[in-house]
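Colleague: Please find entry29.pdb (PDB, C-alpha atoms) on the next line:
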MODEL        1
ATOM      1  CA  MET R 260      57.650 -22.602 188.789
ATOM      2  CA  ARG R 261      59.615 -25.682 189.799
ATOM      3  CA  HIS R 262      59.057 -27.660 186.626
ATOM      4  CA  SER R 263      62.004 -28.647 184.428
ATOM      5  CA  LEU R 264      62.864 -26.520 181.429
ATOM      6  CA  SER R 265      65.064 -27.361 178.458
ATOM      7  CA  LYS R 266      67.966 -25.103 177.543
ATOM      8  CA  SER R 267      66.389 -24.217 174.186
ATOM      9  CA  ALA R 268      63.147 -23.240 175.925
ATOM     10  CA  GLY R 269      65.161 -21.184 178.413
ATOM     11  CA  ILE R 270      66.888 -19.328 175.586
ATOM     12  CA  ALA R 271      63.521 -18.730 173.892
ATOM     13  CA  LEU R 272      62.213 -17.207 177.125
ATOM     14  CA  LEU R 273      65.321 -15.026 177.377
ATOM     15  CA  ILE R 274      64.729 -13.736 173.842
ATOM     16  CA  GLY R 275      61.147 -12.756 174.664
ATOM     17  CA  VAL R 276      62.188 -11.154 177.948
ATOM     18  CA  ASN R 277      64.915  -9.100 176.314
ATOM     19  CA  ILE R 278      62.562  -7.881 173.584
ATOM     20  CA  MET R 279      60.294  -6.535 176.313
ATOM     21  CA  TRP R 280      63.265  -5.050 178.156
ATOM     22  CA  GLY R 281      64.279  -3.326 174.939
ATOM     23  CA  LEU R 282      60.812  -1.766 174.818
ATOM     24  CA  SER R 283      61.176  -0.809 178.491
ATOM     25  CA  PHE R 284      63.706   1.843 177.442
ATOM     26  CA  ILE R 285      60.928   3.418 175.379
ATOM     27  CA  PHE R 286      58.336   3.152 178.158
ATOM     28  CA  SER R 287      60.795   4.610 180.681
ATOM     29  CA  LYS R 288      61.916   7.432 178.402
ATOM     30  CA  THR R 289      58.271   8.316 177.695
ATOM     31  CA  ALA R 290      57.361   8.345 181.395
ATOM     32  CA  LEU R 291      60.406  10.447 182.266
ATOM     33  CA  SER R 292      59.497  12.920 179.520
ATOM     34  CA  GLU R 293      56.133  13.388 181.280
ATOM     35  CA  GLY R 294      58.029  14.972 184.179
ATOM     36  CA  ILE R 295      58.189  12.090 186.664
ATOM     37  CA  PRO R 296      61.403  12.199 188.767
ATOM     38  CA  SER R 297      63.553   9.165 187.979
ATOM     39  CA  MET R 298      63.604   7.396 191.361
ATOM     40  CA  THR R 299      59.919   8.141 191.919
ATOM     41  CA  LEU R 300      59.240   6.350 188.649
ATOM     42  CA  VAL R 301      61.242   3.304 189.793
ATOM     43  CA  PHE R 302      59.473   3.325 193.170
ATOM     44  CA  LEU R 303      55.998   3.407 191.582
ATOM     45  CA  ARG R 304      57.067   0.670 189.184
ATOM     46  CA  TYR R 305      58.108  -1.690 191.984
ATOM     47  CA  LEU R 306      55.279  -0.726 194.293
ATOM     48  CA  ILE R 307      52.872  -2.001 191.626
ATOM     49  CA  THR R 308      55.083  -5.035 190.920
ATOM     50  CA  SER R 309      55.075  -5.949 194.611
ATOM     51  CA  ALA R 310      51.308  -5.491 194.799
ATOM     52  CA  LEU R 311      50.953  -8.031 191.977
ATOM     53  CA  LEU R 312      53.636 -10.580 192.903
ATOM     54  CA  VAL R 313      53.527 -10.764 196.694
ATOM     55  CA  PRO R 314      49.865 -11.952 196.846
ATOM     56  CA  ALA R 315      50.586 -14.412 194.028
ATOM     57  CA  CYS R 316      53.586 -15.753 195.951
ATOM     58  CA  LEU R 317      51.628 -16.040 199.175
ATOM     59  CA  HIS R 318      48.930 -17.993 197.340
ATOM     60  CA  HIS R 319      51.128 -20.348 195.299
ATOM     61  CA  GLU R 320      54.161 -20.645 197.584
ATOM     62  CA  ARG R 321      52.355 -20.274 200.937
ATOM     63  CA  GLY R 322      54.969 -17.740 202.019
ATOM     64  CA  ILE R 323      57.611 -15.337 200.840
ATOM     65  CA  ARG R 324      60.490 -15.887 203.286
ATOM     66  CA  LEU R 325      63.863 -16.947 201.895
ATOM     67  CA  HIS R 326      65.446 -17.889 205.242
ATOM     68  CA  ALA R 327      69.228 -18.328 204.835
ATOM     69  CA  TRP R 328      69.168 -16.929 201.288
ATOM     70  CA  ALA R 329      67.723 -13.554 202.273
ATOM     71  CA  PRO R 330      71.102 -11.711 202.282
ATOM     72  CA  ARG R 331      71.930 -12.917 198.752
ATOM     73  CA  ALA R 332      68.416 -12.021 197.592
ATOM     74  CA  PHE R 333      68.793  -8.562 199.122
ATOM     75  CA  LEU R 334      72.115  -8.146 197.281
ATOM     76  CA  THR R 335      70.495  -9.095 193.956
ATOM     77  CA  SER R 336      67.675  -6.641 194.664
ATOM     78  CA  MET R 337      70.131  -3.830 195.287
ATOM     79  CA  LEU R 338      72.294  -4.666 192.255
ATOM     80  CA  GLY R 339      69.556  -5.545 189.763
ATOM     81  CA  ILE R 340      66.923  -3.004 190.803
ATOM     82  CA  THR R 341      67.719  -0.180 193.239
ATOM     83  CA  ILE R 342      71.254   0.761 192.182
ATOM     84  CA  TYR R 343      70.810  -0.405 188.593
ATOM     85  CA  TYR R 344      67.778   1.795 187.965
ATOM     86  CA  PHE R 345      69.371   4.758 189.705
ATOM     87  CA  PHE R 346      72.076   4.652 187.042
ATOM     88  CA  GLU R 347      69.814   3.653 184.125
ATOM     89  CA  TYR R 348      67.157   6.298 184.693
ATOM     90  CA  SER R 349      69.761   8.958 185.477
ATOM     91  CA  GLY R 350      71.328   8.022 182.155
ATOM     92  CA  LEU R 351      68.039   8.027 180.238
ATOM     93  CA  GLN R 352      67.343  11.574 181.426
ATOM     94  CA  ARG R 353      70.575  12.721 179.780
ATOM     95  CA  THR R 354      70.888  10.622 176.624
ATOM     96  CA  THR R 355      68.671   8.899 174.066
ATOM     97  CA  ALA R 356      67.016   5.525 174.614
ATOM     98  CA  SER R 357      68.862   4.220 171.545
ATOM     99  CA  ALA R 358      72.329   5.233 172.771
ATOM    100  CA  ALA R 359      71.591   3.931 176.268
ATOM    101  CA  SER R 360      70.525   0.549 174.932
ATOM    102  CA  LEU R 361      73.663   0.263 172.790
ATOM    103  CA  ILE R 362      75.835   0.719 175.867
ATOM    104  CA  VAL R 363      73.927  -2.074 177.640
ATOM    105  CA  ALA R 364      75.389  -4.367 174.968
ATOM    106  CA  LEU R 365      78.622  -4.134 176.969
ATOM    107  CA  VAL R 366      77.216  -6.529 179.613
ATOM    108  CA  PRO R 367      78.347  -9.825 177.962
ATOM    109  CA  MET R 368      81.957  -8.700 177.862
ATOM    110  CA  MET R 369      81.783  -7.422 181.433
ATOM    111  CA  THR R 370      80.420 -10.839 182.418
ATOM    112  CA  LEU R 371      83.291 -12.562 180.639
ATOM    113  CA  LEU R 372      85.813 -10.381 182.464
ATOM    114  CA  CYS R 373      84.182 -11.148 185.818
ATOM    115  CA  ARG R 374      84.319 -14.875 185.130
ATOM    116  CA  VAL R 375      88.014 -14.559 184.363
ATOM    117  CA  VAL R 376      88.768 -12.538 187.492
ATOM    118  CA  PHE R 377      86.508 -14.268 190.027
ATOM    119  CA  LEU R 378      86.042 -17.778 188.616
ATOM    120  CA  ARG R 379      89.530 -18.112 187.076
ATOM    121  CA  GLU R 380      88.138 -19.017 183.657
ATOM    122  CA  ARG R 381      90.700 -19.355 180.897
ATOM    123  CA  VAL R 382      90.054 -17.143 177.882
ATOM    124  CA  SER R 383      91.627 -17.470 174.456
ATOM    125  CA  PRO R 384      93.481 -14.552 172.804
ATOM    126  CA  GLY R 385      90.678 -14.360 170.244
ATOM    127  CA  ARG R 386      88.058 -13.692 172.922
ATOM    128  CA  TRP R 387      90.284 -11.053 174.517
ATOM    129  CA  GLY R 388      90.396  -9.377 171.108
ATOM    130  CA  LEU R 389      86.595  -9.401 171.015
ATOM    131  CA  VAL R 390      86.478  -7.811 174.456
ATOM    132  CA  ALA R 391      88.683  -5.021 173.147
ATOM    133  CA  LEU R 392      86.479  -4.664 170.061
ATOM    134  CA  SER R 393      83.319  -4.324 172.148
ATOM    135  CA  LEU R 394      85.001  -1.728 174.370
ATOM    136  CA  LEU R 395      85.971   0.218 171.254
ATOM    137  CA  GLY R 396      82.350   0.112 170.099
ATOM    138  CA  VAL R 397      81.110   1.483 173.415
ATOM    139  CA  TRP R 398      83.736   4.224 173.214
ATOM    140  CA  PHE R 399      82.364   5.190 169.781
ATOM    141  CA  VAL R 400      78.829   5.472 171.177
ATOM    142  CA  ILE R 401      79.969   7.511 174.171
ATOM    143  CA  ARG R 402      82.278   9.701 172.113
ATOM    144  CA  ALA R 403      79.539  10.505 169.598
ATOM    145  CA  ASP R 404      77.227  11.784 172.320
ATOM    146  CA  ALA R 405      80.074  13.627 174.055
ATOM    147  CA  GLN R 406      80.223  15.867 170.996
ATOM    148  CA  ASP R 407      76.625  16.901 171.735
ATOM    149  CA  GLY R 408      77.536  18.180 175.211
ATOM    150  CA  ALA R 409      78.430  17.187 178.766
ATOM    151  CA  GLY R 410      74.878  16.029 179.505
ATOM    152  CA  SER R 411      74.956  13.252 176.923
ATOM    153  CA  LEU R 412      78.424  12.149 178.049
ATOM    154  CA  ALA R 413      77.242  11.960 181.670
ATOM    155  CA  GLY R 414      74.163  10.002 180.597
ATOM    156  CA  ASN R 415      76.299   7.443 178.778
ATOM    157  CA  LEU R 416      78.651   7.085 181.739
ATOM    158  CA  PHE R 417      75.646   6.474 183.987
ATOM    159  CA  MET R 418      74.670   3.658 181.608
ATOM    160  CA  VAL R 419      78.145   2.103 181.889
ATOM    161  CA  CYS R 420      77.668   2.029 185.678
ATOM    162  CA  ALA R 421      74.254   0.389 185.145
ATOM    163  CA  CYS R 422      75.990  -2.305 183.077
ATOM    164  CA  LEU R 423      78.367  -3.006 185.957
ATOM    165  CA  CYS R 424      75.382  -3.474 188.284
ATOM    166  CA  TRP R 425      73.612  -5.854 185.894
ATOM    167  CA  THR R 426      76.802  -7.886 185.446
ATOM    168  CA  GLY R 427      76.924  -8.311 189.217
ATOM    169  CA  TYR R 428      73.270  -9.394 189.196
ATOM    170  CA  ILE R 429      74.001 -12.077 186.579
ATOM    171  CA  MET R 430      76.967 -13.359 188.576
ATOM    172  CA  VAL R 431      75.172 -13.516 191.939
ATOM    173  CA  THR R 432      71.685 -14.779 190.983
ATOM    174  CA  PRO R 433      72.272 -18.390 189.729
ATOM    175  CA  LYS R 434      72.992 -19.862 193.190
ATOM    176  CA  LEU R 435      69.897 -18.157 194.539
ATOM    177  CA  ALA R 436      67.796 -19.459 191.638
ATOM    178  CA  ALA R 437      68.960 -22.995 192.386
ATOM    179  CA  SER R 438      67.477 -22.886 195.895
ATOM    180  CA  CYS R 439      64.172 -21.008 195.550
ATOM    181  CA  SER R 440      61.328 -20.717 193.059
ATOM    182  CA  SER R 441      61.516 -17.882 190.553
ATOM    183  CA  LEU R 442      58.206 -16.448 191.750
ATOM    184  CA  ARG R 443      59.422 -16.341 195.354
ATOM    185  CA  ILE R 444      62.746 -14.737 194.389
ATOM    186  CA  THR R 445      61.128 -12.092 192.203
ATOM    187  CA  ALA R 446      58.427 -11.254 194.749
ATOM    188  CA  TRP R 447      61.038 -10.910 197.493
ATOM    189  CA  GLN R 448      63.288  -8.771 195.279
ATOM    190  CA  SER R 449      60.371  -6.504 194.334
ATOM    191  CA  LEU R 450      59.311  -6.048 197.947
ATOM    192  CA  ALA R 451      62.886  -5.327 199.059
ATOM    193  CA  ALA R 452      63.327  -2.871 196.193
ATOM    194  CA  THR R 453      60.112  -1.043 197.107
ATOM    195  CA  VAL R 454      61.443  -0.500 200.635
ATOM    196  CA  THR R 455      64.911   0.608 199.529
ATOM    197  CA  LEU R 456      63.534   2.883 196.814
ATOM    198  CA  LEU R 457      61.125   4.738 199.109
ATOM    199  CA  PRO R 458      63.752   7.117 200.603
ATOM    200  CA  PHE R 459      64.937   8.052 197.093
ATOM    201  CA  ALA R 460      61.368   8.780 195.997
ATOM    202  CA  LEU R 461      60.660  10.881 199.094
ATOM    203  CA  ALA R 462      63.814  12.880 198.444
ATOM    204  CA  GLU R 463      62.256  13.879 195.094
ATOM    205  CA  ARG R 464      58.853  14.872 196.492
ATOM    206  CA  HIS R 465      59.535  18.553 195.711
ATOM    207  CA  ALA R 466      59.541  17.594 192.022
ATOM    208  CA  TRP R 467      56.405  15.399 192.020
ATOM    209  CA  VAL R 468      53.891  16.263 189.300
ATOM    210  CA  PRO R 469      50.359  15.047 188.453
ATOM    211  CA  LEU R 470      50.663  11.949 186.270
ATOM    212  CA  SER R 471      49.047  11.778 182.855
ATOM    213  CA  ALA R 472      47.202   8.729 181.537
ATOM    214  CA  LYS R 473      50.168   8.047 179.227
ATOM    215  CA  ALA R 474      52.558   8.078 182.195
ATOM    216  CA  TRP R 475      50.372   5.673 184.201
ATOM    217  CA  LEU R 476      50.132   3.317 181.218
ATOM    218  CA  CYS R 477      53.926   3.273 180.882
ATOM    219  CA  ILE R 478      54.348   2.670 184.613
ATOM    220  CA  PHE R 479      51.863  -0.217 184.559
ATOM    221  CA  LEU R 480      53.568  -1.848 181.555
ATOM    222  CA  LEU R 481      56.950  -1.448 183.244
ATOM    223  CA  ALA R 482      55.610  -2.935 186.480
ATOM    224  CA  ALA R 483      53.376  -5.775 185.313
ATOM    225  CA  VAL R 484      55.278  -6.906 182.214
ATOM    226  CA  CYS R 485      58.875  -5.662 182.272
ATOM    227  CA  SER R 486      59.397  -6.180 186.011
ATOM    228  CA  GLY R 487      56.827  -8.707 187.237
ATOM    229  CA  LEU R 488      56.481 -11.185 184.373
ATOM    230  CA  CYS R 489      59.917 -10.685 182.817
ATOM    231  CA  TYR R 490      61.921 -11.055 186.033
ATOM    232  CA  VAL R 491      60.082 -14.284 186.877
ATOM    233  CA  LEU R 492      60.794 -15.696 183.400
ATOM    234  CA  TYR R 493      64.384 -14.430 183.530
ATOM    235  CA  ASN R 494      65.011 -16.200 186.842
ATOM    236  CA  VAL R 495      63.401 -19.363 185.458
ATOM    237  CA  SER R 496      65.718 -19.263 182.439
ATOM    238  CA  MET R 497      68.831 -18.718 184.554
ATOM    239  CA  ARG R 498      68.313 -22.175 186.051
ATOM    240  CA  VAL R 499      69.088 -23.905 182.744
ATOM    241  CA  VAL R 500      71.129 -21.388 180.715
ATOM    242  CA  ASP R 501      74.766 -20.583 181.534
ATOM    243  CA  PRO R 502      75.568 -17.007 182.698
ATOM    244  CA  LEU R 503      77.511 -16.013 179.568
ATOM    245  CA  THR R 504      74.650 -17.027 177.262
ATOM    246  CA  VAL R 505      72.258 -15.179 179.580
ATOM    247  CA  ALA R 506      74.476 -12.112 179.215
ATOM    248  CA  LEU R 507      74.684 -12.474 175.431
ATOM    249  CA  THR R 508      70.908 -12.400 175.016
ATOM    250  CA  ILE R 509      70.805  -8.919 176.542
ATOM    251  CA  ASN R 510      72.016  -7.634 173.186
ATOM    252  CA  ILE R 511      68.520  -8.093 171.838
ATOM    253  CA  ASN R 512      67.752  -4.985 173.933
ATOM    254  CA  PRO R 513      69.570  -2.446 171.768
ATOM    255  CA  ILE R 514      68.145  -3.844 168.539
ATOM    256  CA  THR R 515      64.613  -3.588 169.917
ATOM    257  CA  ALA R 516      65.204  -0.206 171.552
ATOM    258  CA  CYS R 517      66.845   1.344 168.490
ATOM    259  CA  VAL R 518      64.033   0.233 166.166
ATOM    260  CA  ALA R 519      61.336   1.287 168.634
ATOM    261  CA  GLY R 520      63.163   4.553 169.375
ATOM    262  CA  ALA R 521      63.210   5.406 165.681
ATOM    263  CA  LEU R 522      59.541   4.484 165.173
ATOM    264  CA  MET R 523      58.006   5.768 168.419
ATOM    265  CA  LEU R 524      60.322   8.529 169.671
ATOM    266  CA  ARG R 525      61.700   9.709 166.315
ATOM    267  CA  GLU R 526      65.246   9.211 167.588
ATOM    268  CA  THR R 527      68.171   9.034 165.191
ATOM    269  CA  LEU R 528      71.636   7.518 165.547
ATOM    270  CA  THR R 529      74.769   9.282 164.319
ATOM    271  CA  PRO R 530      77.164   7.441 161.961
ATOM    272  CA  MET R 531      79.639   7.065 164.834
ATOM    273  CA  GLN R 532      76.959   5.561 167.070
ATOM    274  CA  LEU R 533      75.923   3.155 164.317
ATOM    275  CA  ALA R 534      79.570   2.161 163.841
ATOM    276  CA  GLY R 535      79.955   1.628 167.571
ATOM    277  CA  GLY R 536      76.790  -0.460 167.765
ATOM    278  CA  LEU R 537      77.973  -2.555 164.820
ATOM    279  CA  LEU R 538      81.344  -3.206 166.501
ATOM    280  CA  ILE R 539      79.618  -4.281 169.707
ATOM    281  CA  MET R 540      77.253  -6.632 167.874
ATOM    282  CA  VAL R 541      80.061  -8.159 165.787
ATOM    283  CA  ALA R 542      82.085  -8.779 168.957
ATOM    284  CA  VAL R 543      79.148 -10.404 170.745
ATOM    285  CA  LEU R 544      78.107 -12.598 167.816
ATOM    286  CA  ALA R 545      81.711 -13.706 167.211
ATOM    287  CA  ASP R 546      82.053 -14.523 170.907
ATOM    288  CA  ALA R 547      78.855 -16.591 170.740
ATOM    289  CA  VAL R 548      80.353 -18.604 167.834
ATOM    290  CA  LEU R 549      83.600 -19.173 169.752
ATOM    291  CA  SER R 550      81.641 -20.241 172.839
ATOM    292  CA  ALA R 551      79.552 -22.708 170.819
ATOM    293  CA  ARG R 552      82.660 -24.203 169.210
ATOM    294  CA  ALA R 553      84.354 -24.549 172.584
ATOM    295  CA  GLY R 554      81.279 -26.287 173.986
ATOM    296  CA  THR R 555      81.186 -28.725 171.065
ATOM    297  CA  GLU R 556      84.896 -29.529 171.448
ATOM    298  CA  ASN R 557      84.492 -30.121 175.196
ATOM    299  CA  ARG R 558      81.593 -32.537 174.610
ATOM    300  CA  ALA R 559      83.659 -34.376 171.988
TER     301      ALA R 559
ENDMDL
END
Could you write out this structure as structure tokens?

Modeller:
Amino acid sequence: MRHSLSKSAGIALLIGVNIMWGLSFIFSKTALSEGIPSMTLVFLRYLITSALLVPACLHHERGIRLHAWAPRAFLTSMLGITIYYFFEYSGLQRTTASAASLIVALVPMMTLLCRVVFLRERVSPGRWGLVALSLLGVWFVIRADAQDGAGSLAGNLFMVCACLCWTGYIMVTPKLAASCSSLRITAWQSLAATVTLLPFALAERHAWVPLSAKAWLCIFLLAAVCSGLCYVLYNVSMRVVDPLTVALTININPITACVAGALMLRETLTPMQLAGGLLIMVAVLADAVLSARAGTENRA
């Protein structure tokens, strides 16, 4: 996957990837409802992903080693897979797929804040206002579920932690993607995640249950499509699309997850959650407009 890709094609790939990742909330929630312990589910997911990608990498790349980039690749694996899914699946066990996906919409603003702190990017007062608006929207979503009990509140807080992990993944991955093929990176990440997830899965062995056909189907879709194919395409796209735009596209997730949650899981959103989701989306879309204008002015 070393061929050149236009920015528009990269964004198109990101849209498709994030639609599938929105559906992954539904697949994951369904599998968890079948009684699979959360970290066992992630382990099985990446065991299958590794079984698919590592042979493909060995065939097409004639190897899987990353040499000097192995530490950075290991960091991305921990941030974007092992730790991220610990928080996401712990959250999904305690809240709805729709609410969880709405909180993930916080990632673009977290990315913006990281770029300000670590890359010393200058941000206009208007964009700071949008950051505050998105934070208010997330508070609405969390507050609405807090009224349903401590479990929902804990689930939403787990999702906030997952957002922090994914923001770190977005910040760390571009340099890695510039030095290695996307297939090699994704295969290495999957293999590393399988190893690091194994102790978590073994710690849950007392809760292992026989898996239904529905559970296996969800696991295979998560592994082959949402992890294997989507991570490869995501890493390809990150070569040509700037990190903030990459982060913005993640907000396709909640739209997909909320629609699919309503149709497939019969989930409903409270008025406060809908208001919070609307605030988040308005903030993100307004930030995208400001970013586009700034880019046009810089080119001029």

Colleague: From the set R:Leu389, R:Leu544, R:Leu334, R:Val397, which residue has the shortest atom-to-atom contact distance to R:Thr508, counting all atoms listed in the file?

Modeller: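 Going through R:Leu389, R:Leu544, R:Leu334, R:Val397 one by one, the smallest distance to R:Thr508 is for R:Leu544.
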
Colleague: Set the distance at 12 Å and use all atoms listed in the file: which residues neighbour R:Gly322 once local chain neighbours fewer than 3 positions away are removed? I'd like the list as a PyMOL selection string.

Modeller: chain R and resi 312-319+325-326+439-440+442-444+446-447

Colleague: My list of candidates is R:Leu450, R:Leu303, R:Ala359, R:Ile274. Which is closest to R:Gly520 when distances are computed with only C-alpha atoms?

Modeller: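 Looking at the shortest contact to R:Gly520, the residue is R:Ala359.
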
Colleague: R:Arg381: which residues within 12 Å, counting all atoms listed in the file, same-chain residues fewer than 6 positions away excluded, as a list in words?

Modeller: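 My list of contacting residues is Leu371, Leu372, Cys373, Arg374, Val375, Trp387 and Ala553 of chain R.
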
Colleague: Residues picked by the PyMOL selection byres ((chain R and resi 515) around 9) here, as a PyMOL selection string?

Modeller: chain R and resi 277-282+360+511-514+516-520

Colleague: Near stretch 340-356 of chain R, counting all atoms listed in the file, which residues have an atom at most 8 Å away, once you skip same-chain residues fewer than 4 positions from it, shown as a compact mmCIF listing (two decimals) with C-alpha atoms, keeping the file's coordinate frame?

Modeller:
# COMPACT_ATOMS: atom_id res chain seq x y z
CA PHE R 284 63.71 1.84 177.44
CA ILE R 285 60.93 3.42 175.38
CA SER R 287 60.80 4.61 180.68
CA LYS R 288 61.92 7.43 178.40
CA LEU R 291 60.41 10.45 182.27
CA SER R 297 63.55 9.16 187.98
CA MET R 298 63.60 7.40 191.36
CA VAL R 301 61.24 3.30 189.79
CA THR R 335 70.50 -9.10 193.96
CA SER R 336 67.68 -6.64 194.66
CA SER R 360 70.53 0.55 174.93
CA ASP R 404 77.23 11.78 172.32
CA GLY R 410 74.88 16.03 179.50
CA SER R 411 74.96 13.25 176.92
CA LEU R 412 78.42 12.15 178.05
CA ALA R 413 77.24 11.96 181.67
CA GLY R 414 74.16 10.00 180.60
CA ASN R 415 76.30 7.44 178.78
CA LEU R 416 78.65 7.08 181.74
CA PHE R 417 75.65 6.47 183.99
CA MET R 418 74.67 3.66 181.61
CA CYS R 420 77.67 2.03 185.68
CA ALA R 421 74.25 0.39 185.14
CA CYS R 422 75.99 -2.31 183.08
CA CYS R 424 75.38 -3.47 188.28
CA TRP R 425 73.61 -5.85 185.89
CA ALA R 452 63.33 -2.87 196.19
CA THR R 455 64.91 0.61 199.53
CA LEU R 456 63.53 2.88 196.81
CA ALA R 516 65.20 -0.21 171.55
CA CYS R 517 66.84 1.34 168.49
CA GLY R 520 63.16 4.55 169.38
CA GLU R 526 65.25 9.21 167.59

Colleague: List the neighbours of R:Thr289 out to 10 Å using all atoms listed in the file; skip same-chain residues closer than 6 positions along the sequence, and give me the result as a list of chain:residue names.

Modeller: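 Using all atoms listed in the file, the neighbours found are R:Ser283, R:Ile295, R:Ala356, R:Lys473, R:Ala474, R:Cys477, R:Ile478, R:Met523, R:Leu524.
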
Colleague: Suppose you want the space between atom CA of R:Ala364 and atom CA of R:Gly388; what is it in Å?

Modeller: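 Between these atoms lies a distance of 16.3 Å.
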
Colleague: Would you pick out the contacts of R:Leu435 at 10 Å or less, using all atoms listed in the file, so that residues sharing its chain but fewer than 6 positions from it are not included, and give the list as a list in words?

Modeller: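 So, after excluding close chain neighbours, the residues are Leu325, Trp328, Ala329, Arg331, Ala332, Thr335, Ser441, Ile444, Asn494 and Arg498 of chain R.
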